[in-house]
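Enquirer: I'd like to ask some things about the structure below.
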Amino acid sequence: MHLLLYGVRWVLFMVLLYLRGLAFFVLEGVGGLAGFCFVFALLFLRGTEYSFLVWLFGGLSFGSFVLRFVYDIVLLRLSPTDAGLIL
């Protein structure tokens, strides 16, 4: 049973590690664009009718950052050797 769980953990780790580059490319693109739009909306769009855009872009940018952070934490937890947990 332990060997089966180790195998599943190893396969899941390798798949997530393989997809890490693509996931980070997409999340950094979304986060960077949303961060730029957040600053633009904050500086140039005035009035209460645009306040939802400021919150939307700010939340999207921050959410992208959190997803990248959580992705790395999951990879560290799934590491087959547990060597990555020592930072």
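To be explicit about the labels: the chains of the structure tokens are called A, B, and onward in the order shown, and within each one the residues are counted from 1, while ligands get numbers from 1 in the order they are shown.
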Counting only C-alpha atoms, what is within 12 Å of stretch 74-78 of chain A, bar same-chain residues fewer than 2 positions away, as a ChimeraX atom specification?

Expert: /A:5-20,67-72,80-87

Enquirer: Include N, CA and C atoms and write out the residues we just selected as an mmCIF file, in the first residue's frame.

Expert:
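After the write, selection-v9.cif holds the following:
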```cif
data_model
loop_
_atom_site.group_PDB
_atom_site.id
_atom_site.type_symbol
_atom_site.label_atom_id
_atom_site.label_comp_id
_atom_site.auth_asym_id
_atom_site.auth_seq_id
_atom_site.Cartn_x
_atom_site.Cartn_y
_atom_site.Cartn_z
ATOM 1 N N LEU A 5 0.975 4.347 -2.862
ATOM 2 C CA LEU A 5 0.822 5.779 -2.561
ATOM 3 C C LEU A 5 2.053 6.569 -2.989
ATOM 4 N N TYR A 6 3.229 5.985 -2.820
ATOM 5 C CA TYR A 6 4.452 6.651 -3.259
ATOM 6 C C TYR A 6 4.456 6.810 -4.774
ATOM 7 N N GLY A 7 3.998 5.788 -5.486
ATOM 8 C CA GLY A 7 3.929 5.853 -6.946
ATOM 9 C C GLY A 7 2.963 6.919 -7.431
ATOM 10 N N VAL A 8 1.793 6.983 -6.811
ATOM 11 C CA VAL A 8 0.799 7.999 -7.178
ATOM 12 C C VAL A 8 1.345 9.396 -6.875
ATOM 13 N N ARG A 9 1.988 9.537 -5.737
ATOM 14 C CA ARG A 9 2.575 10.825 -5.358
ATOM 15 C C ARG A 9 3.653 11.238 -6.358
ATOM 16 N N TRP A 10 4.488 10.293 -6.767
ATOM 17 C CA TRP A 10 5.566 10.580 -7.705
ATOM 18 C C TRP A 10 5.011 10.990 -9.069
ATOM 19 N N VAL A 11 4.002 10.242 -9.553
ATOM 20 C CA VAL A 11 3.407 10.565 -10.860
ATOM 21 C C VAL A 11 2.733 11.932 -10.819
ATOM 22 N N LEU A 12 1.980 12.214 -9.770
ATOM 23 C CA LEU A 12 1.316 13.508 -9.643
ATOM 24 C C LEU A 12 2.344 14.637 -9.556
ATOM 25 N N PHE A 13 3.420 14.409 -8.828
ATOM 26 C CA PHE A 13 4.482 15.412 -8.726
ATOM 27 C C PHE A 13 5.102 15.684 -10.096
ATOM 28 N N MET A 14 5.391 14.631 -10.847
ATOM 29 C CA MET A 14 6.033 14.805 -12.150
ATOM 30 C C MET A 14 5.113 15.530 -13.148
ATOM 31 N N VAL A 15 3.821 15.209 -13.115
ATOM 32 C CA VAL A 15 2.871 15.878 -14.011
ATOM 33 C C VAL A 15 2.767 17.364 -13.655
ATOM 34 N N LEU A 16 2.645 17.664 -12.372
ATOM 35 C CA LEU A 16 2.550 19.064 -11.955
ATOM 36 C C LEU A 16 3.855 19.817 -12.214
ATOM 37 N N LEU A 17 4.979 19.149 -12.041
ATOM 38 C CA LEU A 17 6.259 19.785 -12.323
ATOM 39 C C LEU A 17 6.412 20.060 -13.811
ATOM 40 N N TYR A 18 5.939 19.144 -14.643
ATOM 41 C CA TYR A 18 5.989 19.327 -16.084
ATOM 42 C C TYR A 18 5.112 20.504 -16.530
ATOM 43 N N LEU A 19 3.956 20.660 -15.905
ATOM 44 C CA LEU A 19 3.016 21.722 -16.276
ATOM 45 C C LEU A 19 3.302 23.047 -15.574
ATOM 46 N N ARG A 20 4.298 23.083 -14.698
ATOM 47 C CA ARG A 20 4.590 24.295 -13.927
ATOM 48 C C ARG A 20 4.958 25.469 -14.833
ATOM 49 N N LEU A 67 -2.388 31.940 -6.577
ATOM 50 C CA LEU A 67 -2.395 30.647 -7.261
ATOM 51 C C LEU A 67 -0.979 30.169 -7.570
ATOM 52 N N ARG A 68 -0.099 31.062 -7.982
ATOM 53 C CA ARG A 68 1.297 30.682 -8.234
ATOM 54 C C ARG A 68 1.964 30.229 -6.947
ATOM 55 N N PHE A 69 1.700 30.911 -5.850
ATOM 56 C CA PHE A 69 2.276 30.552 -4.560
ATOM 57 C C PHE A 69 1.764 29.185 -4.091
ATOM 58 N N VAL A 70 0.466 28.965 -4.204
ATOM 59 C CA VAL A 70 -0.128 27.697 -3.781
ATOM 60 C C VAL A 70 0.363 26.554 -4.660
ATOM 61 N N TYR A 71 0.542 26.791 -5.945
ATOM 62 C CA TYR A 71 1.060 25.768 -6.859
ATOM 63 C C TYR A 71 2.443 25.295 -6.394
ATOM 64 N N ASP A 72 3.303 26.242 -6.019
ATOM 65 C CA ASP A 72 4.624 25.868 -5.528
ATOM 66 C C ASP A 72 4.554 25.126 -4.200
ATOM 67 N N PRO A 80 8.740 13.813 -3.857
ATOM 68 C CA PRO A 80 8.955 12.433 -3.403
ATOM 69 C C PRO A 80 10.074 12.293 -2.365
ATOM 70 N N THR A 81 11.052 13.167 -2.396
ATOM 71 C CA THR A 81 12.179 13.033 -1.465
ATOM 72 C C THR A 81 12.030 13.887 -0.217
ATOM 73 N N ASP A 82 11.069 14.792 -0.199
ATOM 74 C CA ASP A 82 10.842 15.732 0.910
ATOM 75 C C ASP A 82 12.029 16.651 1.137
ATOM 76 N N ALA A 83 12.965 16.687 0.209
ATOM 77 C CA ALA A 83 14.129 17.557 0.357
ATOM 78 C C ALA A 83 13.761 19.016 0.113
ATOM 79 N N GLY A 84 12.715 19.264 -0.645
ATOM 80 C CA GLY A 84 12.318 20.626 -0.957
ATOM 81 C C GLY A 84 11.665 21.348 0.202
ATOM 82 N N LEU A 85 11.303 20.645 1.262
ATOM 83 C CA LEU A 85 10.628 21.276 2.390
ATOM 84 C C LEU A 85 11.592 22.006 3.302
ATOM 85 N N ILE A 86 12.887 21.811 3.095
ATOM 86 C CA ILE A 86 13.885 22.498 3.908
ATOM 87 C C ILE A 86 14.321 23.744 3.136
ATOM 88 N N LEU A 87 13.833 24.878 3.547
ATOM 89 C CA LEU A 87 14.158 26.121 2.851
ATOM 90 C C LEU A 87 15.109 26.969 3.662
#
```

Enquirer: Any idea what's packed within 9 Å of A:Phe36, counting only C-alpha atoms, ignoring anything in its chain fewer than 5 positions away? Could you give it as a ChimeraX atom specification?

Expert: /A:31,41,57,61

Enquirer: Could you turn the residues from that selection into a file that holds C-alpha atoms, as a PDB file, in the first residue's frame?

Expert:
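Listed below is the output, again.pdb:
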```pdb
ATOM      1  CA  GLY A  31      -1.393  38.763 -13.245  1.00  0.00           C
ATOM      2  CA  ALA A  41      -7.986  52.055 -13.611  1.00  0.00           C
ATOM      3  CA  PHE A  57      -8.294  43.973 -11.731  1.00  0.00           C
ATOM      4  CA  SER A  61      -3.792  40.252 -10.055  1.00  0.00           C
TER       5      SER A  61
END
```

Enquirer: Please compute the atom CA of A:Ser51-atom CA of A:Val66 distance, one decimal, in Å.

Expert: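 If I compute the distance from atom CA of A:Ser51 to atom CA of A:Val66, I get 22.4 Å.
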